[in-house]
Structures are given as C-alpha cells and as structure tokens.
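Asks: Below you'll find the structure I mean.
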Amino acid sequence: MESLVHVYTPLIIWTGLGLLTQRWLPELFPQILGRTLYWVGVPVQIFALVRHTNFQGLVWVVPLLTLAVLGINLGVTWGGVRWWLQPLTAAQQGSVVLAGTLVNTGFIGLGVVPGLVDPQVWGWVVSYSLTNNLLGTYGIGVLVAGYFGAQQTPGGYNWKKVLLVPTLWAFALSYFCRSIPFPGWLEWGLDQSVPVVISAAFVLTGWRLYQLGFNRGWHLAGLPTLVRIVVMPLLVGVGLTLLGLRGEQRLALVLMAGMPTAMATLILAEEHQLNRDIIAATIALSTLGILFLIPLWLWCFP
C-alpha cells in the first residue's frame with residue numbers, strides 16, 4: 001500500500017495538473033516538452049537508473065522475453081479483430097491492432113514500475129523498456145501501420161532511425177561508465193533528475209489526453225484496452241510462473257506488460273492514415289484502467 005501511494009500520488013497529481021492546465025497553454029508547449037523528454041529527459045532517467053542497476057543473472061534474457069510478449073500481443077489482438085470485430089475497414093483494423101500491441105513502457109512504464117519493484121530488478125525494467133521501444137514501436141509498430149495504412153511511408157522503413165534513439169545511447173554510456181566514480185554533486189543531480197523527469201512525463205500525459213478529444217472510437221476501444229492491460233499481463237504472469245520464474249523479476253515483467261497503450265501509436269496512425277479516434281479512446285481507457293489493475297497484479301504475482 002505504501003508503494004502504491006508513493007507511485008500513484010505523483011501520477012494522479014501531475015497528470016491531473018496537465019489535464020487542467022492544457023486549455024490555457026499554447027499548443028506548442030506539449031511539443032516542446034515531448035521533444036525535450038525524448039532527447040534529454042528520458043535518456044538522463046535511463047542513465048541514472050542503469051548506473052544503480054545490477055545486471056547480473058537473467059536480465060539479458062529480458063529482450064527475448066519482451067520480443068516473445070510483443071509477438072503474442074500482436075497475435076492476440078489481431079485474432080480478436082478477425083474473430084470479433086468484423087467487418088471493419090483496414091484503417092480501423094490497423095488502429096485496433098496497434099492500440100492493443102504497443103505499450104507505453106517509456107514515460108509511464110519507467111515512471112511507475114521502478115517504484116513498485118526492488119532496485120535489484122531495475123535492469124529488467126530498463127531492458128524491457130528499451131527492447132519494447134526499439135522492436136515494438138520502431139519495428140513491429142511501423143510494419144503493422146504500413147500494412148494496414150492507406151499508403152506506405154515514402155522511401156520505406158529507415159533502419160537508421162533505430163540507431164539514433166537517444167535512450168539506446170544513454171543505456172550504453174551509463175552501462176560502460178558504472179565503474180567510474182562521479183563527483184558527489186553529479187551523482188546527486190542524476191538521482192534528483194529521476195523524479196523530475198517522471199513528473200514532467202506525467203504532465204505531458206495529461207496534456208496529451210486533453211488534446212486527444214474523445215468524440216468517437218469508444219465502441220471499438222474495448223478490445224484493445226482489454227488485451228493491453230488485462231489479457232497480456234495475465235498471460236505473462238501465468239507463463240513466467242510455468243517457466244519457473246517468480247518473485248520481483250516476474251512482477252517487473254508483468255507490470256511492464258500491463259502498461260497502457262503507447263502515445264506513439266497516434267504518430268503512426270497519422271503517418272499511415274489510420275483511425276485516430278480508436279487509438280485516442282484506447283489510450284484514455286488503458287491509462288485510467290491501470291490505476292485499478294496494478295493492485296491486482298501486485299496481489300496475484302508478488
């Protein structure tokens with residue numbers, strides 16, 4: 001309960017602040033904050049977390065597990081679209097599949113999960129987030145959006161974009177600098193940057209939720225929301241239990257697998273002319289839903 005209060009308090013306060021203040025702010029503010037977090041804030045957060053993370057044990061298996069979860073997630077959502085949500089247009093199908101597959105392991109995942117698990121498994125959290133962003137958003141997400149989209153991205157998929165992801169470089173730099181002692185003021189600054197970045201990410205989430213507009217798409221948001229925050233974390237928890245993995249490692253992966261739909265799905269929807277309303281509604285429902293489901297996962301997979 002103490003951990004939940006510690007995590008939920010900034011999540012609710014800062015996200016609520018974003019929702020309340022966006023109407024009085026210039027539209028450019030969320031873009032500036034989003035780019036700042038992408039290029040500076042989250043990389044600094046990754047650098048700070050990795051510096052205090054123990055990467056011994058099975059942490060290097062996490063990318064394989066993450067890739068497996070992404071594949072199952074995609075298959076379950078796509079199967080649900082084909083069996084229960086027909087007939088839909090290609091744009092609607094693509095939006096449902098993207099919304100049910102891509103996970104917000106960056107802003108919300110890194111902001112919530114480290115406060116609920118032991119610092120010894122922070123490496124699992126960071127590794128999951130990086131793998132999900134690289135292989136999920138910039139890999140599977142692009143391929144799925146291109147498949148369902150009305151038109152392909154001019155020039156095809158540019159793999160060089162993956163190499164330019166700043167969090168990847170922050171991870172590598174921090175990992176290889178862990179043995180180098182930093183001045184006390186720098187260590188303090190890195191530690192203090194984590195809650196600042198988390199608060200800014202939650203404010204941005206509130207701003208984005210306000211901007212989405214929820215006029216349509218609710219009737220098709222149920223399936224991807226259910227898959228995203230109920231089915232997948234449950235499958236991950238049961239699957240890892242059958243594989244013999246328990247404790248904090250299992251909990252970390254369950255929580256990361258149960259994070260809400262990624263904001264990046266909106267970018268892919270706009271780029272490939274998919275249905276933005278379905279994705280907006282799913283982001284809103286799944287973000288609200290994790291507040292009620294995280295306690296369940298903490299109880300089921302301690």
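If you're wondering about the labels, chains in the structure tokens are A, B, ... by order shown, residues count from 1 in each chain, ligands from 1 in order shown.
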Please provide the set of residues having any atom within 7 Å of stretch 131-142 of chain A, restricted to only C-alpha atoms, with same-chain residues fewer than 3 positions apart removed, written as a ChimeraX atom specification.
Replies: /A:63,66,70,98,102,127-128,145-146,162,268
Asks: Please list as a list of chain:residue names every residue within 9 Å of A:Gln120, counting only C-alpha atoms and excluding residues in the same chain fewer than 5 positions away.
Replies: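 Contacts, with the query itself left out: A:His52, A:Thr53, A:Asn54, A:Phe55, A:Glu248.
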Asks: Write out, as a PDB file, in the first residue's frame, the residues just selected, with C-alpha atoms.
Replies:
ATOM      1  CA  HIS A  52      22.441   1.934  -9.963  1.00  0.00           C
ATOM      2  CA  THR A  53      21.258  -1.311 -11.536  1.00  0.00           C
ATOM      3  CA  ASN A  54      22.589  -4.819 -11.053  1.00  0.00           C
ATOM      4  CA  PHE A  55      22.687  -6.571 -14.445  1.00  0.00           C
ATOM      5  CA  GLU A 248      10.459  -9.500  -8.210  1.00  0.00           C
TER       6      GLU A 248
END
Asks: Within stretch 64-169 of chain A, find each residue whose DSSP state, derived from the backbone, is helix (DSSP H, G or I), and express the selection as a VMD selection string.
Replies: chain A and resid 64 to 84 90 to 101 105 to 115 119 to 148 160 to 163 166 to 169
Asks: Considering only C-alpha atoms, tabulate each residue of stretch 7-84 of chain A that lies at most 12 Å from stretch 220-241 of chain A along with its nearest interatomic pair and the corresponding distance in Å to one decimal; arrange the rows by chain and ascending residue number and present them as a Markdown table.
Replies:
| residue | atom | partner | partner_atom | distance |
| --- | --- | --- | --- | --- |
| A:Val62 | CA | A:Leu240 | CA | 11.7 |
| A:Leu65 | CA | A:Val236 | CA | 9.3 |
| A:Thr66 | CA | A:Val236 | CA | 10.0 |
| A:Ala68 | CA | A:Val236 | CA | 9.8 |
| A:Val69 | CA | A:Val236 | CA | 7.3 |
| A:Leu70 | CA | A:Met232 | CA | 9.5 |
| A:Gly71 | CA | A:Met232 | CA | 11.0 |
| A:Ile72 | CA | A:Met232 | CA | 8.3 |
| A:Asn73 | CA | A:Met232 | CA | 6.5 |
| A:Leu74 | CA | A:Val227 | CA | 9.7 |
| A:Gly75 | CA | A:Val227 | CA | 10.6 |
| A:Val76 | CA | A:Val227 | CA | 7.5 |
| A:Thr77 | CA | A:Val227 | CA | 6.6 |
| A:Trp78 | CA | A:Pro224 | CA | 9.6 |
| A:Gly79 | CA | A:Leu223 | CA | 10.8 |
| A:Gly80 | CA | A:Leu223 | CA | 7.4 |
| A:Val81 | CA | A:Leu223 | CA | 8.2 |
| A:Arg82 | CA | A:Leu223 | CA | 11.6 |
| A:Trp83 | CA | A:Leu223 | CA | 11.4 |
| A:Trp84 | CA | A:Leu223 | CA | 9.0 |
Asks: Pick out the closest residue to A:Tyr210 from this set: A:Thr101, A:Trp60, A:Val121, A:Ala284. Count only C-alpha atoms.
Replies: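 Of A:Thr101, A:Trp60, A:Val121, A:Ala284, the one nearest A:Tyr210, counting only C-alpha atoms, is A:Ala284.
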Asks: Restricting the calculation to only C-alpha atoms, which member of A:Met263, A:Val97, A:Leu285, A:Leu274 is positioned closest to A:Ala201?
Replies: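 Ranked by minimum distance to A:Ala201, first place goes to A:Met263.
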Asks: Could you check how far atom CA of A:Tyr175 sits from atom CA of A:Ser3, in Å to one decimal?
Replies: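 Separating atom CA of A:Tyr175 from atom CA of A:Ser3 is a distance of 27.2 Å.
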Asks: To one decimal place in Å, what is the distance between atom CA of A:Thr15 and atom CA of A:Val203?
Replies: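 Computing it gives 4.8 Å between the two atoms.
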Asks: So how far away is atom CA of A:Ala200 from atom CA of A:Gly16, in Å?
Replies: 11.9 Å
Asks: Find the spatial neighbours of A:Leu110, counting only C-alpha atoms, within a cut-off of 10 Å - ignore same-chain residues fewer than 5 positions away - and output them as a VMD selection string.
Replies: chain A and resid 42 45 to 46 49 104 to 105 115 122 125 to 126 128 to 129 194 197 to 198 201 256 259
Asks: Would you mind exporting the chosen residues as an mmCIF file, in the first residue's frame, restricted to N, CA and C atoms?
Replies:
data_model
loop_
_atom_site.group_PDB
_atom_site.id
_atom_site.type_symbol
_atom_site.label_atom_id
_atom_site.label_comp_id
_atom_site.auth_asym_id
_atom_site.auth_seq_id
_atom_site.Cartn_x
_atom_site.Cartn_y
_atom_site.Cartn_z
ATOM 1 N N VAL A 42 14.226 11.549 -20.689
ATOM 2 C CA VAL A 42 14.205 10.092 -20.534
ATOM 3 C C VAL A 42 15.605 9.489 -20.668
ATOM 4 N N GLN A 45 17.137 9.899 -17.364
ATOM 5 C CA GLN A 45 16.499 8.960 -16.442
ATOM 6 C C GLN A 45 17.063 7.550 -16.634
ATOM 7 N N ILE A 46 17.194 7.118 -17.881
ATOM 8 C CA ILE A 46 17.783 5.812 -18.175
ATOM 9 C C ILE A 46 19.212 5.750 -17.642
ATOM 10 N N LEU A 49 19.125 5.348 -13.825
ATOM 11 C CA LEU A 49 18.649 4.037 -13.392
ATOM 12 C C LEU A 49 19.678 2.951 -13.677
ATOM 13 N N ASN A 104 3.192 1.674 -23.530
ATOM 14 C CA ASN A 104 3.869 2.872 -23.034
ATOM 15 C C ASN A 104 4.832 2.472 -21.919
ATOM 16 N N THR A 105 5.944 1.873 -22.295
ATOM 17 C CA THR A 105 6.947 1.473 -21.305
ATOM 18 C C THR A 105 7.948 2.589 -21.039
ATOM 19 N N GLY A 115 9.124 2.191 -8.940
ATOM 20 C CA GLY A 115 8.681 2.457 -7.576
ATOM 21 C C GLY A 115 7.941 1.306 -6.936
ATOM 22 N N TRP A 122 15.701 -3.368 -11.411
ATOM 23 C CA TRP A 122 15.542 -2.226 -12.297
ATOM 24 C C TRP A 122 16.129 -2.506 -13.675
ATOM 25 N N VAL A 125 13.493 -3.822 -15.831
ATOM 26 C CA VAL A 125 12.563 -2.786 -16.260
ATOM 27 C C VAL A 125 13.144 -1.974 -17.408
ATOM 28 N N VAL A 126 14.394 -1.529 -17.249
ATOM 29 C CA VAL A 126 15.049 -0.721 -18.284
ATOM 30 C C VAL A 126 15.221 -1.520 -19.563
ATOM 31 N N TYR A 128 13.482 -4.090 -20.594
ATOM 32 C CA TYR A 128 12.166 -4.290 -21.212
ATOM 33 C C TYR A 128 11.745 -3.042 -21.967
ATOM 34 N N SER A 129 11.923 -1.887 -21.346
ATOM 35 C CA SER A 129 11.507 -0.640 -21.972
ATOM 36 C C SER A 129 12.275 -0.383 -23.264
ATOM 37 N N VAL A 194 15.545 11.932 -11.753
ATOM 38 C CA VAL A 194 14.559 10.877 -11.996
ATOM 39 C C VAL A 194 13.142 11.333 -11.634
ATOM 40 N N VAL A 197 11.931 14.065 -14.127
ATOM 41 C CA VAL A 197 11.540 13.537 -15.433
ATOM 42 C C VAL A 197 10.198 12.817 -15.341
ATOM 43 N N ILE A 198 10.007 12.045 -14.267
ATOM 44 C CA ILE A 198 8.741 11.333 -14.082
ATOM 45 C C ILE A 198 7.576 12.322 -14.002
ATOM 46 N N ALA A 201 6.891 13.824 -17.386
ATOM 47 C CA ALA A 201 6.248 12.854 -18.275
ATOM 48 C C ALA A 201 4.766 12.721 -17.951
ATOM 49 N N MET A 256 5.270 -4.263 -16.517
ATOM 50 C CA MET A 256 5.645 -3.615 -17.775
ATOM 51 C C MET A 256 4.743 -4.075 -18.911
ATOM 52 N N MET A 259 1.274 -2.094 -18.962
ATOM 53 C CA MET A 259 1.204 -0.640 -19.081
ATOM 54 C C MET A 259 0.227 -0.243 -20.202
#
